[in-house]
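Chemist: As input, take final33.csv (CSV, C-alpha atoms and all ligand atoms):
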```csv
chain,number,residue,atom,x,y,z
A,71,MET,CA,19.5,-3.7,-40.4
A,72,ILE,CA,23.1,-3.0,-41.4
A,73,PRO,CA,25.0,-5.4,-39.1
A,74,LEU,CA,28.1,-4.4,-37.0
A,75,SER,CA,30.7,-6.9,-38.2
A,76,VAL,CA,29.6,-10.1,-39.9
A,77,PRO,CA,31.4,-12.9,-41.8
A,78,ASN,CA,32.2,-12.3,-45.4
A,79,LEU,CA,32.1,-15.8,-47.1
A,80,GLY,CA,32.6,-15.0,-50.8
A,81,GLY,CA,35.5,-17.2,-51.6
A,82,ASN,CA,36.2,-21.0,-51.6
A,83,GLU,CA,34.4,-21.7,-48.3
A,84,TRP,CA,31.8,-24.0,-49.9
A,85,LYS,CA,34.3,-25.7,-52.1
A,86,TYR,CA,36.7,-26.6,-49.3
A,87,ILE,CA,34.0,-27.5,-46.8
A,88,LYS,CA,32.4,-29.7,-49.4
A,89,ASP,CA,35.7,-31.4,-49.9
A,90,CYS,CA,35.8,-32.3,-46.2
A,91,LEU,CA,32.3,-33.7,-46.4
A,92,ASP,CA,32.9,-35.6,-49.6
A,93,THR,CA,36.1,-37.2,-48.2
A,94,ASN,CA,34.7,-37.7,-44.7
A,95,TRP,CA,37.6,-35.7,-43.1
A,96,VAL,CA,35.5,-33.6,-40.9
A,97,SER,CA,37.0,-34.0,-37.4
A,98,SER,CA,40.1,-33.2,-35.5
A,99,VAL,CA,42.6,-34.4,-38.1
A,100,GLY,CA,42.9,-33.6,-41.7
A,101,SER,CA,45.0,-31.7,-44.3
A,102,TYR,CA,43.1,-28.4,-43.9
A,103,VAL,CA,44.1,-28.1,-40.2
A,104,ASP,CA,47.8,-28.4,-41.2
A,105,ARG,CA,47.3,-26.0,-44.2
A,106,PHE,CA,45.5,-23.4,-42.1
A,107,GLU,CA,48.2,-23.6,-39.4
A,108,LYS,CA,50.9,-23.2,-42.0
A,109,SER,CA,49.2,-20.2,-43.7
A,110,LEU,CA,48.9,-18.4,-40.4
A,111,ALA,CA,52.5,-19.0,-39.5
A,112,GLU,CA,53.5,-17.7,-42.9
A,113,PHE,CA,51.3,-14.6,-42.7
A,114,THR,CA,52.3,-13.6,-39.2
A,115,GLY,CA,55.9,-14.7,-39.4
A,116,ALA,CA,55.6,-16.9,-36.3
A,117,LYS,CA,57.7,-20.1,-36.5
A,118,HIS,CA,54.7,-22.2,-35.3
A,119,ALA,CA,50.9,-21.9,-35.3
A,120,VAL,CA,48.7,-24.4,-33.5
A,121,ALA,CA,45.0,-24.3,-34.2
A,122,THR,CA,42.5,-24.4,-31.4
A,123,VAL,CA,38.7,-24.5,-30.9
A,124,ASN,CA,38.6,-20.8,-30.1
A,125,GLY,CA,40.8,-17.9,-29.0
A,126,THR,CA,40.0,-18.4,-25.3
A,127,ALA,CA,41.4,-21.9,-25.5
A,128,ALA,CA,44.5,-20.6,-27.2
A,129,LEU,CA,45.0,-18.1,-24.4
A,130,HIS,CA,44.4,-20.7,-21.7
A,131,ILE,CA,47.0,-23.2,-23.1
A,132,SER,CA,49.4,-20.3,-23.7
A,133,LEU,CA,49.2,-19.2,-20.1
A,134,LEU,CA,49.6,-22.7,-18.8
A,135,LEU,CA,52.7,-23.3,-20.9
A,136,ALA,CA,54.1,-19.9,-20.0
A,137,GLY,CA,54.2,-21.3,-16.4
A,138,VAL,CA,51.2,-19.5,-14.9
A,139,GLY,CA,50.1,-21.6,-12.0
A,140,GLN,CA,47.6,-21.7,-9.1
A,141,GLY,CA,47.8,-18.6,-6.9
A,142,ASP,CA,49.9,-16.5,-9.4
A,143,LEU,CA,49.0,-13.0,-10.7
A,144,VAL,CA,48.9,-12.0,-14.3
A,145,ILE,CA,49.0,-8.4,-15.5
A,146,ALA,CA,46.3,-7.4,-18.0
A,147,PRO,CA,44.5,-4.3,-19.1
A,148,ASN,CA,41.2,-3.3,-17.4
A,149,ILE,CA,39.4,-2.9,-20.7
A,150,THR,CA,39.3,-6.1,-22.7
A,151,PHE,CA,36.8,-8.7,-23.7
A,152,ILE,CA,36.1,-11.0,-20.7
A,153,ALA,CA,37.8,-14.0,-22.3
A,154,SER,CA,41.2,-12.6,-21.7
A,155,ILE,CA,40.7,-12.4,-17.9
A,156,ASN,CA,38.7,-15.7,-17.8
A,157,SER,CA,41.7,-17.5,-19.3
A,158,ILE,CA,43.8,-16.2,-16.4
A,159,THR,CA,41.3,-17.6,-13.9
A,160,TYR,CA,41.2,-21.0,-15.6
A,161,CYS,CA,44.8,-21.4,-14.5
A,162,GLY,CA,43.9,-20.7,-10.9
A,163,ALA,CA,45.5,-17.3,-11.2
A,164,ASN,CA,44.1,-13.8,-10.7
A,165,PRO,CA,44.5,-10.7,-12.8
A,166,VAL,CA,46.3,-7.5,-11.9
A,167,LEU,CA,44.2,-5.0,-13.9
A,168,ILE,CA,46.0,-1.9,-15.2
A,169,ASP,CA,44.1,1.1,-16.4
A,170,ILE,CA,44.2,2.1,-20.1
A,171,ASP,CA,45.7,4.9,-22.0
A,172,GLU,CA,43.2,7.6,-22.9
A,173,ARG,CA,44.4,8.0,-26.4
A,174,THR,CA,45.1,4.5,-27.6
A,175,TRP,CA,42.8,2.6,-25.3
A,176,GLN,CA,45.6,0.0,-24.7
A,177,MET,CA,47.2,-0.8,-21.4
A,178,ASP,CA,48.8,2.4,-20.0
A,179,LEU,CA,52.5,1.7,-19.9
A,180,ASN,CA,53.2,4.6,-17.6
A,181,LEU,CA,50.9,3.1,-15.0
A,182,LEU,CA,52.3,-0.4,-15.7
A,183,GLU,CA,55.9,0.8,-15.0
A,184,GLU,CA,54.8,2.7,-11.9
A,185,PHE,CA,53.0,-0.4,-10.6
A,186,LEU,CA,56.0,-2.6,-11.2
A,187,LYS,CA,58.4,-0.1,-9.6
A,188,LYS,CA,56.2,0.7,-6.5
A,189,GLU,CA,54.4,-2.6,-5.8
A,190,THR,CA,56.7,-5.4,-6.8
A,191,SER,CA,60.1,-6.9,-5.9
A,192,ILE,CA,62.4,-9.4,-7.6
A,193,ARG,CA,63.7,-12.5,-5.9
A,194,SER,CA,65.6,-15.3,-7.6
A,195,LYS,CA,64.6,-13.9,-11.0
A,196,LYS,CA,60.9,-14.0,-10.1
A,197,CYS,CA,58.6,-11.0,-9.7
A,198,PHE,CA,56.5,-10.8,-6.5
A,199,HIS,CA,53.6,-8.5,-5.5
A,200,GLU,CA,54.9,-7.1,-2.2
A,201,LYS,CA,51.6,-6.7,-0.4
A,202,SER,CA,50.1,-10.1,-1.2
A,203,GLY,CA,53.4,-12.0,-1.5
A,204,ARG,CA,52.0,-13.6,-4.7
A,205,ARG,CA,54.1,-14.2,-7.8
A,206,ILE,CA,53.4,-12.3,-10.9
A,207,SER,CA,54.3,-14.7,-13.6
A,208,ALA,CA,53.1,-13.2,-16.8
A,209,ILE,CA,51.8,-10.1,-18.6
A,210,MET,CA,49.0,-10.2,-21.2
A,211,PRO,CA,49.0,-7.2,-23.5
A,212,VAL,CA,45.7,-7.2,-25.3
A,213,HIS,CA,45.8,-5.5,-28.7
A,214,VAL,CA,42.4,-3.9,-28.2
A,215,LEU,CA,40.4,-3.3,-31.4
A,216,GLY,CA,43.5,-4.3,-33.4
A,217,ASN,CA,45.5,-1.4,-32.1
A,218,MET,CA,48.8,-2.0,-30.2
A,219,CYS,CA,50.8,-0.3,-27.5
A,220,ASP,CA,54.5,0.6,-27.7
A,221,MET,CA,55.7,-3.0,-27.8
A,222,SER,CA,59.4,-2.1,-27.4
A,223,ARG,CA,58.7,-0.5,-24.1
A,224,LEU,CA,56.4,-3.3,-22.9
A,225,MET,CA,59.0,-5.9,-23.8
A,226,THR,CA,61.7,-4.0,-21.9
A,227,LEU,CA,59.6,-3.9,-18.8
A,228,ALA,CA,58.6,-7.6,-19.1
A,229,LYS,CA,62.3,-8.5,-19.4
A,230,LYS,CA,63.3,-6.4,-16.4
A,231,TYR,CA,60.6,-7.9,-14.2
A,232,PHE,CA,60.9,-11.5,-15.5
A,233,LEU,CA,57.4,-11.6,-16.8
A,234,ALA,CA,56.4,-14.0,-19.6
A,235,ILE,CA,54.5,-12.2,-22.4
A,236,VAL,CA,51.3,-13.9,-23.5
A,237,GLU,CA,49.8,-11.6,-26.1
A,238,ASP,CA,46.0,-11.5,-26.6
A,239,ALA,CA,46.2,-10.8,-30.4
A,240,THR,CA,42.7,-12.2,-30.9
A,241,GLU,CA,41.5,-8.9,-32.5
A,242,ALA,CA,44.8,-8.1,-34.2
A,243,LEU,CA,45.2,-10.3,-37.3
A,244,GLY,CA,46.9,-8.1,-39.7
A,245,SER,CA,48.2,-5.6,-37.1
A,246,SER,CA,51.9,-4.9,-36.6
A,247,TYR,CA,54.4,-2.9,-34.6
A,248,LYS,CA,57.6,-1.9,-36.5
A,249,GLN,CA,56.5,-4.3,-39.2
A,250,LYS,CA,56.4,-7.3,-36.8
A,251,HIS,CA,53.0,-9.0,-36.6
A,252,ALA,CA,50.9,-8.8,-33.4
A,253,GLY,CA,51.2,-12.1,-31.4
A,254,THR,CA,54.8,-12.7,-32.3
A,255,PHE,CA,56.5,-10.6,-29.7
A,256,GLY,CA,55.9,-12.7,-26.6
A,257,LEU,CA,56.5,-16.3,-25.7
A,258,PHE,CA,53.0,-16.9,-27.1
A,259,GLY,CA,50.3,-15.0,-29.0
A,260,SER,CA,46.7,-15.9,-29.5
A,261,LEU,CA,44.4,-15.3,-32.4
A,262,SER,CA,40.6,-15.7,-32.7
A,263,PHE,CA,38.4,-16.6,-35.7
A,264,ASN,CA,35.1,-15.9,-34.0
A,265,GLY,CA,32.2,-14.7,-36.3
A,266,ASN,CA,32.8,-11.0,-35.7
A,267,LYS,CA,36.6,-11.1,-36.5
A,268,ILE,CA,38.3,-10.0,-39.7
A,269,LEU,CA,38.7,-13.7,-40.7
A,270,THR,CA,36.3,-16.3,-39.3
A,271,THR,CA,35.9,-20.0,-39.0
A,272,GLY,CA,32.6,-19.6,-37.2
A,273,GLY,CA,34.6,-20.3,-34.0
A,274,GLY,CA,38.3,-21.0,-33.9
A,275,GLY,CA,41.7,-19.8,-32.6
A,276,MET,CA,45.4,-20.1,-33.0
A,277,ILE,CA,48.4,-20.2,-30.7
A,278,LEU,CA,51.5,-18.5,-32.2
A,279,THR,CA,55.0,-19.2,-30.9
A,280,ASN,CA,58.6,-19.1,-32.0
A,281,ASN,CA,59.6,-21.8,-29.6
A,282,SER,CA,59.5,-25.3,-31.2
A,283,SER,CA,59.3,-27.3,-28.0
A,284,LEU,CA,56.5,-25.2,-26.7
A,285,ALA,CA,54.6,-25.5,-30.0
A,286,LYS,CA,54.9,-29.3,-29.7
A,287,LYS,CA,53.6,-29.1,-26.1
A,288,ALA,CA,50.8,-26.9,-27.2
A,289,LYS,CA,49.7,-29.4,-29.8
A,290,HIS,CA,50.0,-32.2,-27.2
A,291,LEU,CA,48.0,-30.3,-24.5
A,292,THR,CA,45.2,-29.4,-27.0
A,293,THR,CA,44.8,-33.0,-28.1
A,294,GLN,CA,44.1,-34.6,-24.7
A,295,ALA,CA,47.9,-35.1,-24.1
A,296,LYS,CA,47.8,-38.5,-25.9
A,297,ALA,CA,51.3,-39.8,-25.8
A,298,ASP,CA,51.1,-42.9,-27.8
A,299,ALA,CA,50.0,-43.1,-31.5
A,300,PHE,CA,48.0,-46.4,-30.9
A,301,GLU,CA,47.3,-46.9,-27.2
A,302,TYR,CA,45.1,-44.5,-25.3
A,303,TYR,CA,48.0,-43.5,-23.1
A,304,HIS,CA,47.9,-39.9,-21.9
A,305,ASP,CA,50.8,-38.5,-19.9
A,306,GLU,CA,48.9,-35.6,-18.3
A,307,SER,CA,45.5,-34.0,-18.0
A,308,GLY,CA,45.0,-32.5,-21.5
A,309,PHE,CA,42.3,-30.7,-23.2
A,310,ASN,CA,40.0,-31.3,-26.2
A,311,TYR,CA,40.9,-27.9,-27.8
A,312,ARG,CA,41.7,-28.8,-31.4
A,313,LEU,CA,40.1,-27.0,-34.3
A,314,VAL,CA,38.2,-29.5,-36.6
A,315,ASN,CA,39.2,-30.0,-40.2
A,316,VAL,CA,35.8,-28.7,-41.6
A,317,LEU,CA,36.3,-25.4,-39.8
A,318,ALA,CA,40.0,-25.2,-40.8
A,319,ALA,CA,38.8,-25.6,-44.4
A,320,MET,CA,36.7,-22.5,-44.0
A,321,GLY,CA,39.8,-20.8,-42.5
A,322,CYS,CA,41.9,-21.7,-45.5
A,323,ALA,CA,39.3,-20.1,-47.8
A,324,GLN,CA,39.2,-17.0,-45.6
A,325,MET,CA,43.0,-16.7,-45.5
A,326,GLU,CA,43.0,-16.4,-49.4
A,327,GLN,CA,40.8,-13.3,-48.9
A,328,LEU,CA,42.6,-11.8,-45.9
A,329,PRO,CA,44.5,-9.1,-47.9
A,330,ASP,CA,41.2,-7.9,-49.4
A,331,PHE,CA,39.5,-7.9,-46.0
A,332,LEU,CA,42.3,-5.8,-44.5
A,333,LYS,CA,42.1,-3.4,-47.4
A,334,LYS,CA,38.3,-3.1,-47.0
A,335,LYS,CA,38.6,-2.4,-43.2
A,336,TYR,CA,41.2,0.3,-44.0
A,337,GLU,CA,39.0,1.9,-46.6
A,338,ILE,CA,36.0,1.9,-44.3
A,339,LYS,CA,38.0,3.5,-41.5
A,340,ASN,CA,39.4,6.1,-43.8
A,341,LEU,CA,36.0,7.1,-45.2
A,342,TYR,CA,34.5,7.3,-41.8
A,343,SER,CA,37.5,9.3,-40.4
A,344,LYS,CA,37.3,11.7,-43.3
A,345,ASN,CA,33.6,12.3,-42.9
A,346,PHE,CA,33.6,12.5,-39.1
A,347,SER,CA,36.7,14.8,-38.8
A,348,SER,CA,34.4,17.9,-39.0
A,349,ILE,CA,32.1,16.6,-36.2
A,350,LYS,CA,33.7,18.1,-33.1
A,351,GLU,CA,31.8,15.7,-30.8
A,352,ILE,CA,33.5,12.6,-32.3
A,353,SER,CA,37.0,11.5,-31.5
A,354,GLU,CA,38.8,8.3,-32.5
A,355,GLN,CA,41.2,5.8,-31.0
A,356,GLN,CA,44.8,7.1,-31.6
A,357,VAL,CA,47.4,4.8,-33.2
A,358,GLU,CA,51.1,5.1,-32.0
A,359,LYS,CA,53.6,6.0,-34.7
A,360,ASN,CA,55.1,2.5,-35.1
A,361,VAL,CA,51.8,0.7,-35.2
A,362,THR,CA,49.9,-0.5,-38.2
A,363,ALA,CA,46.4,-1.3,-37.0
A,364,ASN,CA,44.0,-3.7,-38.8
A,365,ASN,CA,41.0,-1.3,-38.2
A,366,TRP,CA,39.0,-4.3,-37.0
A,367,LEU,CA,36.0,-2.7,-35.4
A,368,TYR,CA,35.4,1.0,-36.0
A,369,THR,CA,34.8,2.6,-32.6
A,370,ILE,CA,34.3,6.2,-31.7
A,371,HIS,CA,34.2,8.4,-28.6
A,372,VAL,CA,30.9,10.4,-28.4
A,373,PRO,CA,29.4,12.6,-25.7
A,374,ASP,CA,26.3,10.6,-25.0
A,375,LYS,CA,26.9,7.0,-25.8
A,376,LYS,CA,23.4,5.7,-24.8
A,377,LYS,CA,21.5,8.2,-27.0
A,378,PHE,CA,23.9,7.6,-29.9
A,379,LEU,CA,23.5,3.8,-29.7
A,380,ASP,CA,19.8,4.0,-29.3
A,381,TYR,CA,19.5,6.3,-32.3
A,382,LEU,CA,21.6,4.1,-34.6
A,383,ASN,CA,20.1,0.8,-33.5
A,384,GLN,CA,16.5,2.2,-33.9
A,385,ASN,CA,17.3,3.4,-37.4
A,386,GLY,CA,18.7,0.0,-38.6
A,387,PHE,CA,22.4,0.4,-37.9
A,388,GLN,CA,23.6,-2.3,-35.5
A,389,SER,CA,25.9,-0.6,-33.0
A,390,ARG,CA,27.4,-1.7,-29.8
A,391,PRO,CA,28.9,-0.4,-26.6
A,392,PHE,CA,32.5,-1.0,-25.6
A,393,TRP,CA,33.1,-3.7,-23.0
A,394,VAL,CA,32.2,-3.0,-19.4
A,395,PRO,CA,35.6,-2.5,-17.6
A,396,MET,CA,36.8,-5.7,-15.8
A,397,ASN,CA,36.9,-4.0,-12.4
A,398,GLN,CA,33.2,-3.3,-12.7
A,399,LEU,CA,32.2,-6.9,-13.1
A,400,PRO,CA,31.0,-8.7,-10.0
A,401,MET,CA,33.7,-11.5,-10.1
A,402,PHE,CA,36.6,-9.1,-10.6
A,403,LYS,CA,35.6,-6.3,-8.3
A,404,LYS,CA,38.1,-7.4,-5.7
A,405,GLU,CA,41.0,-7.8,-8.0
A,406,ILE,CA,43.9,-5.4,-7.9
A,407,TYR,CA,43.1,-2.5,-10.1
A,408,TYR,CA,45.9,0.0,-10.7
A,409,GLN,CA,44.7,3.4,-11.9
A,410,GLN,CA,44.9,7.1,-11.3
A,411,GLU,CA,42.0,8.6,-13.2
A,412,ASN,CA,40.0,5.6,-14.0
A,413,ILE,CA,40.2,6.2,-17.7
A,414,SER,CA,38.6,2.8,-18.4
A,415,ALA,CA,35.3,4.1,-17.0
A,416,LYS,CA,35.5,7.2,-19.1
A,417,ILE,CA,36.2,5.3,-22.3
A,418,TYR,CA,33.5,2.8,-21.5
A,419,ASN,CA,31.0,5.5,-20.8
A,420,HIS,CA,31.6,7.2,-24.2
A,421,CYS,CA,32.6,4.7,-26.8
A,422,ALA,CA,30.5,3.0,-29.4
A,423,SER,CA,31.2,0.7,-32.3
A,424,ILE,CA,29.4,1.2,-35.6
A,425,PRO,CA,28.9,-1.0,-38.7
A,426,CYS,CA,32.1,-1.9,-40.5
A,427,SER,CA,31.8,-5.4,-42.0
A,428,THR,CA,34.2,-6.2,-44.8
A,429,ASN,CA,31.2,-6.8,-47.1
A,430,LEU,CA,29.6,-3.4,-46.3
A,431,LYS,CA,29.3,-1.7,-49.7
A,432,LYS,CA,30.1,2.0,-50.2
A,433,SER,CA,26.4,2.8,-50.4
A,434,GLY,CA,26.0,1.2,-46.9
A,435,GLN,CA,29.0,3.1,-45.6
A,436,LEU,CA,27.5,6.3,-46.8
A,437,GLN,CA,24.2,5.4,-45.2
A,438,VAL,CA,26.0,5.0,-41.8
A,439,ILE,CA,27.8,8.3,-42.3
A,440,ASN,CA,24.6,10.1,-43.1
A,441,ALA,CA,22.9,8.6,-40.0
A,442,VAL,CA,25.8,9.7,-37.8
A,443,LYS,CA,25.9,13.2,-39.3
A,444,LYS,CA,22.1,13.5,-38.8
A,445,PHE,CA,22.4,12.5,-35.2
A,446,PHE,CA,25.0,15.3,-34.5
A,447,SER,CA,23.3,18.0,-36.7
B,1,LIG,C1,40.1,-9.4,-26.6
B,1,LIG,C2,39.6,-10.8,-26.8
B,1,LIG,N1,40.1,-11.8,-26.1
B,1,LIG,C3,39.7,-13.0,-26.3
B,1,LIG,C4,38.7,-13.4,-27.2
B,1,LIG,C5,38.3,-14.8,-27.2
B,1,LIG,O1,38.2,-15.3,-28.5
B,1,LIG,P1,37.1,-16.5,-28.8
B,1,LIG,O2,35.8,-15.8,-28.9
B,1,LIG,O3,37.6,-17.0,-30.1
B,1,LIG,O4,37.2,-17.5,-27.7
B,1,LIG,C6,38.1,-12.4,-28.0
B,1,LIG,C7,37.1,-12.6,-29.0
B,1,LIG,O5,36.1,-13.0,-29.0
B,1,LIG,C8,38.6,-11.0,-27.8
B,1,LIG,O6,38.0,-10.0,-28.5
```
What is this file in structure tokens?
Modeler:
Amino acid sequence: MIPLSVPNLGGNEWKYIKDCLDTNWVSSVGSYVDRFEKSLAEFTGAKHAVATVNGTAALHISLLLAGVGQGDLVIAPNITFIASINSITYCGANPVLIDIDERTWQMDLNLLEEFLKKETSIRSKKCFHEKSGRRISAIMPVHVLGNMCDMSRLMTLAKKYFLAIVEDATEALGSSYKQKHAGTFGLFGSLSFNGNKILTTGGGGMILTNNSSLAKKAKHLTTQAKADAFEYYHDESGFNYRLVNVLAAMGCAQMEQLPDFLKKKYEIKNLYSKNFSSIKEISEQQVEKNVTANNWLYTIHVPDKKKFLDYLNQNGFQSRPFWVPMNQLPMFKKEIYYQQENISAKIYNHCASIPCSTNLKKSGQLQVINAVKKFFS
């Protein structure tokens, strides 16, 4: 079986993890946590990076610190991984789901603008949803599959409607818009180092922010809000959300290989694109002109997703469907879903991701290509 997207652990992972074991620094403090945070801040250009147990925790803390509270609404795309929307509900808020763009598969900014114009009003520099009377406190652009939307336009809208931007950049390490790294546009950005991501710590995440006092608060909240170095004095209800040193050690080793991983993803994407360009049944996610995507998970639009996935999986090529749109899940069926042509359903019904691990050799890539060609022949 050629797997979909698996860890590539060919660097100093053993060495750095062994160092943690040899020195007994395996838990929530240690030099690798600081080093990992510093390297992510440097790579992304964010002023601060705060490591967390996973990307979901990073999103949860970011939303709380962005001021999202009980009863609020938060705008998000209708196609994303469930964790984006779960993090909104953890704050006692509800999502406003916006349909996606048919070309880029990111939040449709025309629909977003229309929704804000038609369905909201501003009072005392706060945005309210007219019909429900509820406050819309934030917007969460999700950089789906490492692609990005027109961030200039999104930021203009967010500013006009007083919405805090909390970016879900969990899939977008290495992606940028006008040379600015994903996750550094909003008040906060979140990264994930889950096993299927470009860079992995097994499980892990990172909060990015340019705001020093919010970075301090993020560290505080993720470490049980302990307010005294010696006494167990906690000044609010915090969370045990810190990444442990042994996993950060793995992250440091992975960071050393990140440029190679990104290059590999780019090469795989290019080879697939070149070979599939003559297959009229296949179309790809489009990338806006100012976006450099990290090509995280190669996903294509095909006429019969089920048949395509069955064929590939039965022949040893692990392939997956796209996420079920949020409005189709039982717990989010009643949330506001702003759409015109329900593009989410179309994309979900036709999209499939195929093997593209960074350790997939050229011979493996050619095997994938041949299988896809055979399916469509
Ligand atoms: C879009 C999106 N949001 C959030 C997450 C959550 O990250 P994690 O699995 O690290 O909690 C993921 C990845 O798993 C994701 O793909």
Chemist: Please identify the residues whose atoms come within 9 Å of ligand LIG 1 (chain B), using all atoms listed in the file, and report them as a PyMOL selection string.
Modeler: chain A and resi 122-129+149-157+212-215+238-241+260-267+273-276
Chemist: I'd like the contact shell of Asn78 in chain A - 7 Å cut-off, all atoms listed in the file, skipping same-chain residues fewer than 2 positions apart - returned as a ChimeraX atom specification.
Modeler: /A:76,80,428-429
Chemist: Find the spatial neighbours of range 343-358 of chain A, counting only C-alpha atoms, within a cut-off of 6 Å - ignore same-chain residues fewer than 5 positions away - and output them as a PyMOL selection string.
Modeler: chain A and resi 173-174+370-372
Chemist: Once you have the residues from the selection above, write them out as a compact mmCIF listing (two decimals), keeping the file's coordinate frame, restricted to C-alpha atoms.
Modeler:
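Heads up, here's the output in result-v3.txt:
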```txt
# COMPACT_ATOMS: atom_id res chain seq x y z
CA ARG A 173 44.40 8.00 -26.40
CA THR A 174 45.10 4.50 -27.60
CA ILE A 370 34.30 6.20 -31.70
CA HIS A 371 34.20 8.40 -28.60
CA VAL A 372 30.90 10.40 -28.40
```
Chemist: Give me the residues of range 171-203 of chain A that have any atom at most 9 Å from an atom of range 130-145 of chain A; for each, the nearest atom pair and the distance in Å, rounded to one decimal. Use all atoms listed in the file, sort by chain and number, and format it as JSON lines.
Modeler:
```
{"residue": "A:Leu182", "atom": "CA", "partner": "A:Ile145", "partner_atom": "CA", "distance": 8.7}
{"residue": "A:Phe198", "atom": "CA", "partner": "A:Leu143", "partner_atom": "CA", "distance": 8.9}
{"residue": "A:His199", "atom": "CA", "partner": "A:Leu143", "partner_atom": "CA", "distance": 8.3}
```
Chemist: Using CA of Phe106 in chain A and CA of Asn280 in chain A as the two end points, give the distance in Å to one decimal.
Modeler: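 Distance between the two atoms: 17.1 Å.
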Chemist: Record the distance separating CA of Val103 in chain A and CA of Leu257 in chain A, expressed in Å with one decimal.
Modeler: 22.4 Å
